[in-house]
$ cat my_file.txt   # compact mmCIF, C-alpha atoms and all ligand atoms
# COMPACT_ATOMS: atom_id res chain seq x y z
CA MET A 1 -65.45 -16.38 -20.96
CA ILE A 2 -62.13 -17.34 -22.52
CA GLU A 3 -63.18 -15.54 -25.70
CA ARG A 4 -63.89 -12.35 -23.75
CA LEU A 5 -60.50 -12.61 -22.06
CA LYS A 6 -58.79 -12.88 -25.44
CA GLU A 7 -60.60 -9.79 -26.64
CA LEU A 8 -59.54 -7.93 -23.50
CA ARG A 9 -55.90 -8.94 -24.05
CA GLY A 10 -56.01 -7.59 -27.62
CA GLU A 11 -57.50 -4.27 -26.49
CA ALA A 12 -55.03 -3.89 -23.60
CA VAL A 13 -51.96 -4.69 -25.74
CA ALA A 14 -53.09 -2.12 -28.31
CA ALA A 15 -53.68 0.47 -25.56
CA PHE A 16 -50.28 -0.10 -23.89
CA ASP A 17 -48.31 -0.27 -27.12
CA GLY A 18 -50.08 2.74 -28.56
CA ALA A 19 -49.97 5.01 -25.47
CA ALA A 20 -48.48 8.35 -26.53
CA SER A 21 -47.90 9.80 -23.07
CA PRO A 22 -47.33 8.63 -19.46
CA GLN A 23 -50.88 9.79 -18.63
CA GLU A 24 -52.41 7.68 -21.40
CA LEU A 25 -50.39 4.70 -20.27
CA GLU A 26 -51.50 5.14 -16.66
CA GLU A 27 -55.17 5.32 -17.73
CA ALA A 28 -54.75 2.12 -19.75
CA ARG A 29 -53.06 0.43 -16.78
CA VAL A 30 -55.96 1.31 -14.47
CA ARG A 31 -58.52 0.19 -17.05
CA TYR A 32 -56.95 -3.17 -17.87
CA LEU A 33 -54.91 -4.14 -14.81
CA GLY A 34 -56.37 -2.01 -12.00
CA ARG A 35 -58.40 -3.24 -9.03
CA LYS A 36 -61.74 -2.72 -10.79
CA SER A 37 -60.61 -4.02 -14.19
CA GLU A 38 -62.49 -6.82 -15.93
CA LEU A 39 -59.42 -9.01 -15.65
CA ASN A 40 -59.27 -8.58 -11.91
CA GLN A 41 -62.96 -9.26 -11.57
CA ALA A 42 -62.50 -12.45 -13.59
CA SER A 43 -59.78 -13.46 -11.12
CA ARG A 44 -62.00 -12.83 -8.16
CA GLY A 45 -64.95 -14.69 -9.77
CA LEU A 46 -62.93 -17.84 -10.35
CA LYS A 47 -64.07 -19.42 -7.12
CA ASP A 48 -67.71 -19.43 -8.34
CA LEU A 49 -66.94 -21.35 -11.54
CA PRO A 50 -67.33 -25.12 -11.93
CA GLU A 51 -64.07 -26.95 -11.34
CA ASP A 52 -63.05 -27.76 -14.98
CA GLU A 53 -63.86 -24.25 -16.22
CA ARG A 54 -62.11 -22.69 -13.18
CA ARG A 55 -58.81 -24.32 -14.09
CA ALA A 56 -58.87 -23.22 -17.76
CA VAL A 57 -60.01 -19.66 -17.00
CA GLY A 58 -57.47 -19.32 -14.16
CA ARG A 59 -54.61 -20.33 -16.43
CA ALA A 60 -55.77 -17.87 -19.14
CA VAL A 61 -56.08 -15.01 -16.62
CA ASN A 62 -52.56 -15.58 -15.34
CA GLU A 63 -51.03 -15.80 -18.79
CA ILE A 64 -52.74 -12.61 -19.88
CA LYS A 65 -51.69 -10.74 -16.71
CA ASN A 66 -48.04 -11.70 -17.26
CA GLU A 67 -48.16 -10.75 -20.89
CA LEU A 68 -49.75 -7.38 -20.14
CA ALA A 69 -47.20 -6.65 -17.39
CA ALA A 70 -44.41 -7.14 -19.96
CA HIS A 71 -46.12 -4.78 -22.43
CA LEU A 72 -46.60 -2.22 -19.65
CA THR A 73 -42.87 -2.29 -18.74
CA ALA A 74 -41.86 -1.99 -22.39
CA ALA A 75 -44.22 0.95 -22.89
CA THR A 76 -42.88 2.68 -19.74
CA ASP A 77 -39.28 2.30 -21.00
CA ARG A 78 -40.26 3.54 -24.46
CA LEU A 79 -41.90 6.68 -23.07
CA GLU A 80 -38.97 7.41 -20.66
CA ALA A 81 -36.44 7.00 -23.46
CA ALA A 82 -38.46 9.38 -25.62
CA ALA A 83 -38.41 11.91 -22.75
CA GLY A 84 -34.58 11.78 -22.63
CA GLY A 85 -33.86 8.97 -20.18
CA ALA A 86 -35.20 7.88 -16.84
CA ALA A 87 -35.77 11.46 -15.73
CA SER A 88 -37.03 10.47 -12.31
CA SER A 89 -33.80 8.59 -11.41
CA VAL A 90 -31.37 11.39 -12.36
CA ASP A 91 -30.78 14.11 -9.78
CA LEU A 92 -28.97 16.89 -11.58
CA THR A 93 -28.35 18.77 -8.33
CA LEU A 94 -26.06 16.04 -6.89
CA PRO A 95 -22.35 17.00 -6.71
CA GLY A 96 -20.18 15.14 -9.28
CA ARG A 97 -18.34 11.95 -8.35
CA ARG A 98 -14.67 12.70 -7.81
CA PRO A 99 -12.66 10.33 -10.05
CA TRP A 100 -10.14 8.15 -8.16
CA VAL A 101 -6.62 9.25 -8.98
CA GLY A 102 -3.68 7.04 -8.08
CA GLY A 103 -1.27 8.08 -5.36
CA LYS A 104 2.35 7.46 -4.46
CA HIS A 105 3.16 4.40 -2.38
CA PRO A 106 3.77 5.29 1.30
CA ILE A 107 7.37 4.05 1.00
CA THR A 108 7.96 6.37 -1.96
CA ARG A 109 6.50 9.29 -0.02
CA THR A 110 8.67 8.43 3.00
CA LEU A 111 11.79 8.25 0.82
CA GLU A 112 10.97 11.66 -0.62
CA ARG A 113 10.50 13.08 2.88
CA LEU A 114 13.79 11.59 4.10
CA GLU A 115 15.65 12.85 1.03
CA SER A 116 14.27 16.33 1.61
CA ILE A 117 15.32 16.38 5.31
CA PHE A 118 18.82 15.14 4.46
CA ALA A 119 19.11 17.56 1.53
CA GLY A 120 18.54 20.30 4.12
CA LEU A 121 21.44 18.84 6.10
CA GLY A 122 23.76 18.94 3.07
CA PHE A 123 23.51 15.31 1.80
CA GLU A 124 23.18 14.40 -1.89
CA VAL A 125 21.57 11.21 -3.27
CA ALA A 126 23.71 8.31 -4.58
CA THR A 127 22.51 4.98 -6.03
CA GLY A 128 23.91 1.52 -6.72
CA PRO A 129 22.95 -1.86 -8.20
CA HIS A 130 20.57 -4.29 -6.47
CA ILE A 131 22.60 -7.26 -7.69
CA GLU A 132 25.92 -6.87 -5.92
CA ASP A 133 29.15 -8.79 -5.73
CA ASP A 134 30.73 -10.21 -2.62
CA PHE A 135 33.44 -7.52 -2.54
CA HIS A 136 31.08 -4.53 -2.33
CA ASN A 137 28.41 -6.13 -0.13
CA PHE A 138 30.78 -7.81 2.34
CA GLU A 139 34.54 -7.82 1.84
CA ALA A 140 35.21 -4.09 1.39
CA LEU A 141 32.99 -3.55 4.44
CA ASN A 142 35.44 -5.55 6.53
CA ILE A 143 33.32 -8.73 6.39
CA PRO A 144 35.71 -11.36 4.98
CA PRO A 145 34.54 -14.89 4.09
CA ASP A 146 33.81 -16.92 7.24
CA HIS A 147 33.32 -13.75 9.31
CA PRO A 148 30.41 -14.44 11.71
CA ALA A 149 28.78 -11.11 10.74
CA ARG A 150 27.73 -12.76 7.47
CA ASP A 151 25.30 -14.87 9.48
CA MET A 152 23.40 -11.70 10.45
CA HIS A 153 22.59 -11.07 6.78
CA ASP A 154 20.51 -14.00 5.53
CA THR A 155 21.59 -13.68 1.95
CA PHE A 156 19.99 -14.55 -1.39
CA TYR A 157 22.95 -15.74 -3.47
CA ILE A 158 22.63 -15.79 -7.27
CA ASP A 159 25.90 -17.65 -7.78
CA GLY A 160 29.21 -17.95 -5.93
CA ASP A 161 30.04 -14.24 -6.21
CA ARG A 162 26.76 -12.45 -6.96
CA LEU A 163 23.93 -11.80 -4.54
CA LEU A 164 20.94 -9.52 -3.90
CA ARG A 165 22.34 -6.73 -1.76
CA THR A 166 21.54 -7.25 1.92
CA HIS A 167 21.96 -3.57 2.81
CA THR A 168 22.65 -0.21 1.17
CA SER A 169 26.21 -0.06 2.55
CA PRO A 170 27.82 -1.24 -0.76
CA VAL A 171 26.77 2.14 -2.20
CA GLN A 172 29.20 3.75 0.32
CA ILE A 173 32.00 1.66 -1.13
CA ARG A 174 31.14 2.44 -4.75
CA THR A 175 30.86 6.16 -3.99
CA MET A 176 34.16 6.33 -2.07
CA LYS A 177 35.93 4.38 -4.80
CA SER A 178 34.73 6.88 -7.42
CA ARG A 179 35.51 10.19 -5.66
CA LYS A 180 37.71 11.92 -3.13
CA PRO A 181 36.54 13.44 0.19
CA PRO A 182 34.64 15.41 1.23
CA VAL A 183 31.77 12.97 0.58
CA ARG A 184 28.34 13.57 2.06
CA ILE A 185 25.75 11.23 0.53
CA ILE A 186 22.58 9.30 1.26
CA ALA A 187 21.81 6.09 -0.64
CA PRO A 188 18.14 5.06 -0.54
CA GLY A 189 16.90 1.77 -1.98
CA ARG A 190 15.49 -1.72 -1.73
CA VAL A 191 17.42 -4.49 0.02
CA TYR A 192 16.86 -8.23 0.34
CA ARG A 193 17.33 -10.77 3.11
CA ASN A 194 16.33 -14.40 3.30
CA GLU A 195 14.35 -13.79 6.50
CA THR A 196 11.15 -15.34 7.78
CA PRO A 197 8.77 -12.37 7.64
CA ASP A 198 7.02 -11.23 10.82
CA ALA A 199 5.39 -8.00 12.08
CA SER A 200 8.66 -6.06 11.96
CA HIS A 201 10.83 -8.04 9.50
CA GLY A 202 10.40 -8.32 5.75
CA SER A 203 12.49 -10.30 3.29
CA GLU A 204 12.42 -7.23 1.03
CA PHE A 205 12.52 -3.81 2.61
CA TYR A 206 14.00 -0.36 2.09
CA GLN A 207 17.02 1.19 3.68
CA LEU A 208 18.60 4.59 3.48
CA GLU A 209 22.33 4.78 3.98
CA GLY A 210 24.16 7.92 5.02
CA LEU A 211 27.89 8.65 4.76
CA TYR A 212 29.96 11.69 5.60
CA VAL A 213 33.75 11.63 5.20
CA ASP A 214 36.06 14.59 5.63
CA ARG A 215 38.91 15.79 7.82
CA GLY A 216 37.96 15.96 11.50
CA VAL A 217 34.47 14.35 11.41
CA ARG A 218 33.49 13.21 14.94
CA PHE A 219 31.01 10.90 16.67
CA GLY A 220 29.25 13.84 18.38
CA GLU A 221 28.36 15.19 14.94
CA LEU A 222 26.78 11.85 14.01
CA MET A 223 24.64 11.91 17.17
CA GLY A 224 23.66 15.51 16.48
CA VAL A 225 22.65 14.84 12.86
CA LEU A 226 20.61 11.75 13.75
CA THR A 227 18.86 13.43 16.69
CA LYS A 228 18.03 16.41 14.48
CA PHE A 229 16.75 14.10 11.74
CA LEU A 230 14.52 12.06 14.08
CA GLY A 231 13.21 15.26 15.69
CA GLU A 232 12.26 16.64 12.22
CA LEU A 233 10.47 13.41 11.41
CA TYR A 234 8.65 12.61 14.64
CA GLY A 235 8.68 15.92 16.52
CA GLU A 236 11.23 17.28 18.98
CA ALA A 237 9.68 15.36 21.91
CA ILE A 238 10.48 11.90 20.50
CA ALA A 239 12.51 9.68 22.89
CA VAL A 240 15.73 8.53 21.14
CA ARG A 241 18.11 5.91 22.51
CA PHE A 242 21.71 5.33 21.38
CA ARG A 243 22.70 1.77 22.29
CA PRO A 244 26.19 0.29 21.81
CA GLY A 245 26.19 -1.97 18.76
CA PHE A 246 28.51 -3.84 16.47
CA PHE A 247 29.07 -3.49 12.73
CA PRO A 248 32.32 -4.71 11.15
CA PHE A 249 32.51 -1.56 9.02
CA THR A 250 32.13 1.00 11.85
CA GLU A 251 34.03 1.50 15.11
CA PRO A 252 32.60 2.53 17.52
CA SER A 253 29.10 1.49 16.45
CA THR A 254 25.64 2.25 17.77
CA GLU A 255 22.07 1.11 17.25
CA VAL A 256 19.52 3.89 17.40
CA ASP A 257 16.04 3.19 18.79
CA ILE A 258 12.96 5.34 19.28
CA GLU A 259 10.15 4.75 21.73
CA CYS A 260 7.57 2.45 20.06
CA ARG A 261 4.81 4.66 18.72
CA ILE A 262 2.35 1.78 18.38
CA CYS A 263 2.19 1.03 22.13
CA HIS A 264 3.97 4.17 23.47
CA GLY A 265 6.51 2.10 25.34
CA ARG A 266 4.07 -0.34 26.98
CA GLY A 267 5.12 -3.34 24.84
CA CYS A 268 3.52 -4.92 21.75
CA PRO A 269 4.40 -7.44 18.98
CA VAL A 270 6.04 -4.72 16.84
CA CYS A 271 8.59 -3.78 19.54
CA LYS A 272 8.74 -7.37 20.79
CA ASN A 273 7.49 -6.10 24.17
CA THR A 274 10.57 -3.93 24.75
CA GLY A 275 8.86 -0.55 24.25
CA TRP A 276 11.64 0.46 21.79
CA VAL A 277 11.96 0.00 18.03
CA GLU A 278 15.33 -0.16 16.32
CA LEU A 279 15.43 2.21 13.35
CA LEU A 280 19.10 2.65 12.58
CA GLY A 281 22.57 1.25 12.73
CA ALA A 282 25.43 3.77 12.73
CA GLY A 283 29.04 4.46 13.69
CA MET A 284 32.41 5.90 12.71
CA VAL A 285 33.75 4.39 9.48
CA ASP A 286 36.32 1.69 10.31
CA PRO A 287 39.87 2.48 9.04
CA ARG A 288 39.89 -0.93 7.27
CA VAL A 289 37.06 0.33 5.05
CA PHE A 290 39.02 3.46 4.16
CA GLU A 291 41.96 1.25 3.21
CA ALA A 292 39.72 -0.89 0.96
CA VAL A 293 38.61 2.19 -1.02
CA GLY A 294 41.99 3.97 -1.06
CA TYR A 295 41.34 6.77 1.48
CA ASP A 296 44.09 7.56 3.99
CA PRO A 297 42.71 6.75 7.47
CA ASP A 298 45.30 9.02 9.09
CA VAL A 299 43.88 12.00 7.22
CA TYR A 300 40.16 11.32 7.03
CA THR A 301 37.45 10.28 9.46
CA GLY A 302 33.78 9.80 8.79
CA TYR A 303 30.49 8.46 10.01
CA ALA A 304 27.90 6.22 8.37
CA PHE A 305 24.37 5.15 9.21
CA GLY A 306 21.73 2.86 7.71
CA LEU A 307 18.05 3.08 8.54
CA GLY A 308 15.00 0.96 7.75
CA VAL A 309 12.57 3.08 5.70
CA ASP A 310 9.56 0.77 6.16
CA ARG A 311 9.99 0.96 9.93
CA ILE A 312 10.32 4.74 9.78
CA HIS A 313 6.88 4.92 8.13
CA MET A 314 5.38 2.30 10.47
CA MET A 315 6.33 4.51 13.40
CA MET A 316 5.02 7.63 11.64
CA CYS A 317 1.54 6.22 11.00
CA GLY A 318 1.13 3.55 13.70
CA VAL A 319 1.18 0.65 11.20
CA ASN A 320 1.51 -2.59 13.14
CA ASP A 321 2.68 -5.00 10.43
CA ILE A 322 5.50 -4.40 7.93
CA ARG A 323 4.14 -7.04 5.53
CA LEU A 324 1.25 -4.71 4.62
CA TYR A 325 3.59 -2.48 2.58
CA HIS A 326 4.33 -5.17 0.05
CA GLU A 327 0.89 -6.79 -0.31
CA ASN A 328 -0.47 -3.91 -2.44
CA ASP A 329 -3.92 -4.06 -0.89
CA LEU A 330 -5.56 -0.75 -1.80
CA ARG A 331 -7.71 -0.83 1.36
CA PHE A 332 -4.43 -0.38 3.30
CA LEU A 333 -2.62 1.92 0.87
CA ARG A 334 -5.54 4.39 0.74
CA GLN A 335 -5.34 4.87 4.50
CA VAL A 336 -1.65 5.60 5.07
C1 LIG A 401 22.71 -2.70 8.45
O1 LIG A 401 22.09 -3.15 7.47
C2 LIG A 401 23.85 -1.79 8.31
N1 LIG A 401 24.33 -1.78 6.95
C3 LIG A 401 23.46 -0.40 8.76
C4 LIG A 401 24.63 0.49 8.97
C5 LIG A 401 25.02 1.32 7.95
C6 LIG A 401 25.33 0.46 10.17
C7 LIG A 401 26.14 2.15 8.14
C8 LIG A 401 26.40 1.28 10.37
C9 LIG A 401 26.81 2.14 9.35
P1 LIG A 401 20.99 -3.67 10.19
O2 LIG A 401 21.03 -5.05 9.73
O3 LIG A 401 20.85 -3.44 11.64
O4 LIG A 401 22.30 -2.86 9.74
O5 LIG A 401 19.79 -2.90 9.44
C10 LIG A 401 19.62 -1.50 9.51
C11 LIG A 401 18.14 -1.16 9.70
O6 LIG A 401 17.37 -1.79 8.70
C12 LIG A 401 17.59 -1.69 11.02
O7 LIG A 401 17.84 -0.80 12.06
C13 LIG A 401 16.11 -1.79 10.71
O8 LIG A 401 15.45 -0.54 10.82
C14 LIG A 401 16.12 -2.18 9.26
N2 LIG A 401 15.95 -3.62 9.08
C15 LIG A 401 16.88 -4.60 9.28
N3 LIG A 401 16.38 -5.80 8.98
C16 LIG A 401 15.11 -5.59 8.57
C17 LIG A 401 14.07 -6.44 8.10
N4 LIG A 401 14.24 -7.74 7.96
N5 LIG A 401 12.88 -5.88 7.79
C18 LIG A 401 12.72 -4.54 7.89
N6 LIG A 401 13.65 -3.68 8.32
C19 LIG A 401 14.84 -4.20 8.65
$ encode --input "my_file.txt" --output "structure tokens"
Amino acid sequence: MIERLKELRGEAVAAFDGAASPQELEEARVRYLGRKSELNQASRGLKDLPEDERRAVGRAVNEIKNELAAHLTAATDRLEAAAGGAASSVDLTLPGRRPWVGGKHPITRTLERLESIFAGLGFEVATGPHIEDDFHNFEALNIPPDHPARDMHDTFYIDGDRLLRTHTSPVQIRTMKSRKPPVRIIAPGRVYRNETPDASHGSEFYQLEGLYVDRGVRFGELMGVLTKFLGELYGEAIAVRFRPGFFPFTEPSTEVDIECRICHGRGCPVCKNTGWVELLGAGMVDPRVFEAVGYDPDVYTGYAFGLGVDRIHMMMCGVNDIRLYHENDLRFLRQV
């Protein structure tokens, strides 16, 4: 019996390895491994054999089946390769896969949108360093040492005089020091505060500063420009609120809120259950600032504003956590 099985194995291996076409291979498979094959019959007849012979024949049958299965797979692969690949698994009618191309970060896109709106309103872009000195970040903005307003900016100091800028307002100072009015600029960029992050506060975020100085600039113009800007961004129907505020470098000052677009005014963690989200600080440039940069406050007036770019985008797309912008998780970035 064992001898016959060995003969069968030799014949089957030769048939599989030598098959010249899929049809020939299929015929060999049926003959040597099919239901009516000798090997299968030997399997089924095992139960009639005496115990010691049953064990030896059973082991031989199994070994030969495994070996033949391996030869069958190899022969199938060989014939498919010869036919130009696994023809059955390639569907040439499927549309191609679109390659993934990278995209701009939502903050970059928002900055570009803001710059384009303000360009339409006559503002040009100005930039400044991220590592600032005390004079430009605080003192020239009417925030002397020991002024309580410094507490509102949780600052990352590098050494006694240098720090990571806490807002974009130092760019106002640098611009005014370097040119004469009229000045109409926006200064977009990253700012840093030593804050405990939450849904609406980051320790790194983006601001965009605006400054317009000329003869006869008035508060009504500031309100008009900001209302126009927010209407362009969120649609004319957006509810805007001007709230009295305090900044040492503007007088009078205002905080500008819009209705929370996450909860539509009902209250949620992003708006701290108030229904409003603060987007901007603004006001008329304080005469002390003009003195610090060498402008005559009796001749010139001006307005300034500073807005949080991350929050602008959060309100555009209904994003409920500011920390998502800086985690670089593509599952988030692909959606917004
Ligand atoms: C300022 O930074 C002022 N320099 C703005 C200004 C400029 C006022 C010119 C007047 C004239 P404030 O700290 O409120 O102000 O920040 C301005 C905006 O930045 C806020 O309205 C808010 O939208 C955003 N912002 C402030 N802190 C954070 C934070 N931790 N995370 C994200 N956005 C913030």
$ closest_atom_pairs --input "my_file.txt" --of "chain A" --to "ligand LIG 401 (chain A)" --cutoff "7 Å" --atoms "all atoms listed in the file" --output "Markdown table"
| residue | atom | partner | partner_atom | distance |
| --- | --- | --- | --- | --- |
| A:His153 | CA | A:LIG401 | O2 | 6.9 |
| A:Thr166 | CA | A:LIG401 | O1 | 6.9 |
| A:His167 | CA | A:LIG401 | O1 | 4.7 |
| A:Thr168 | CA | A:LIG401 | N1 | 6.2 |
| A:Ser169 | CA | A:LIG401 | N1 | 5.1 |
| A:Arg193 | CA | A:LIG401 | N4 | 6.5 |
| A:Glu195 | CA | A:LIG401 | N4 | 6.2 |
| A:Ser200 | CA | A:LIG401 | N5 | 5.9 |
| A:His201 | CA | A:LIG401 | N5 | 3.4 |
| A:Gly202 | CA | A:LIG401 | N5 | 4.0 |
| A:Ser203 | CA | A:LIG401 | N4 | 5.6 |
| A:Glu204 | CA | A:LIG401 | N5 | 6.9 |
| A:Phe205 | CA | A:LIG401 | C18 | 5.3 |
| A:Gln207 | CA | A:LIG401 | O6 | 5.8 |
| A:Glu209 | CA | A:LIG401 | C5 | 5.9 |
| A:Gly210 | CA | A:LIG401 | C7 | 6.9 |
| A:Phe247 | CA | A:LIG401 | C8 | 6.0 |
| A:Phe249 | CA | A:LIG401 | C9 | 6.8 |
| A:Thr250 | CA | A:LIG401 | C8 | 5.9 |
| A:Ser253 | CA | A:LIG401 | C8 | 6.7 |
| A:Glu255 | CA | A:LIG401 | O7 | 7.0 |
| A:Glu278 | CA | A:LIG401 | O7 | 5.0 |
| A:Leu279 | CA | A:LIG401 | O8 | 3.7 |
| A:Leu280 | CA | A:LIG401 | O7 | 3.7 |
| A:Gly281 | CA | A:LIG401 | C6 | 3.8 |
| A:Ala282 | CA | A:LIG401 | C8 | 3.6 |
| A:Gly283 | CA | A:LIG401 | C8 | 5.3 |
| A:Ala304 | CA | A:LIG401 | C9 | 4.3 |
| A:Phe305 | CA | A:LIG401 | C7 | 3.6 |
| A:Gly306 | CA | A:LIG401 | C5 | 3.6 |
| A:Leu307 | CA | A:LIG401 | C11 | 4.4 |
| A:Gly308 | CA | A:LIG401 | O8 | 3.4 |
| A:Val309 | CA | A:LIG401 | O8 | 6.9 |
| A:Asp310 | CA | A:LIG401 | C18 | 6.4 |
| A:Arg311 | CA | A:LIG401 | O8 | 5.7 |
$ atom_distance --input "my_file.txt" --atom1 "CA of Arg150 in chain A" --atom2 "CA of Leu163 in chain A"
12.6 Å
$ residues_around --input "my_file.txt" --residues "Gly58 in chain A" --least-positions-apart "6" --cutoff "9 Å" --atoms "all atoms listed in the file" --output "count of residues only"
3
$ closest_atom_pairs --input "my_file.txt" --of "range 157-209 of chain A" --to "range 126-135 of chain A" --cutoff "8 Å" --atoms "only C-alpha atoms" --output "CSV"
residue,atom,partner,partner_atom,distance
A:Asp161,CA,A:Asp134,CA,5.4
A:Arg162,CA,A:Asp133,CA,4.5
A:Leu163,CA,A:Glu132,CA,5.5
A:Leu164,CA,A:Ile131,CA,4.7
A:Arg165,CA,A:Glu132,CA,5.5
A:Pro170,CA,A:Gly128,CA,7.6
A:Val171,CA,A:Gly128,CA,5.4
A:Arg174,CA,A:Gly128,CA,7.5
A:Thr175,CA,A:Ala126,CA,7.5
A:Ile185,CA,A:Ala126,CA,6.2
A:Ile186,CA,A:Ala126,CA,6.0
A:Ala187,CA,A:Ala126,CA,4.9
A:Pro188,CA,A:Thr127,CA,7.0
A:Gly189,CA,A:Thr127,CA,7.6
A:Arg190,CA,A:His130,CA,7.4
A:Val191,CA,A:His130,CA,7.2
$ closest_residue --input "my_file.txt" --among "A:Leu121, A:Ala60, A:Ala12, A:Val90" --to "Ala75 in chain A" --atoms "all atoms listed in the file"
A:Ala12
$ closest_residue --input "my_file.txt" --among "A:Val299, A:Gly10, A:Gln172, A:Tyr206" --to "Pro106 in chain A" --atoms "all atoms listed in the file"
A:Tyr206
$ atom_distance --input "my_file.txt" --atom1 "CA of Phe123 in chain A" --atom2 "CA of Ala149 in chain A"
28.4 Å
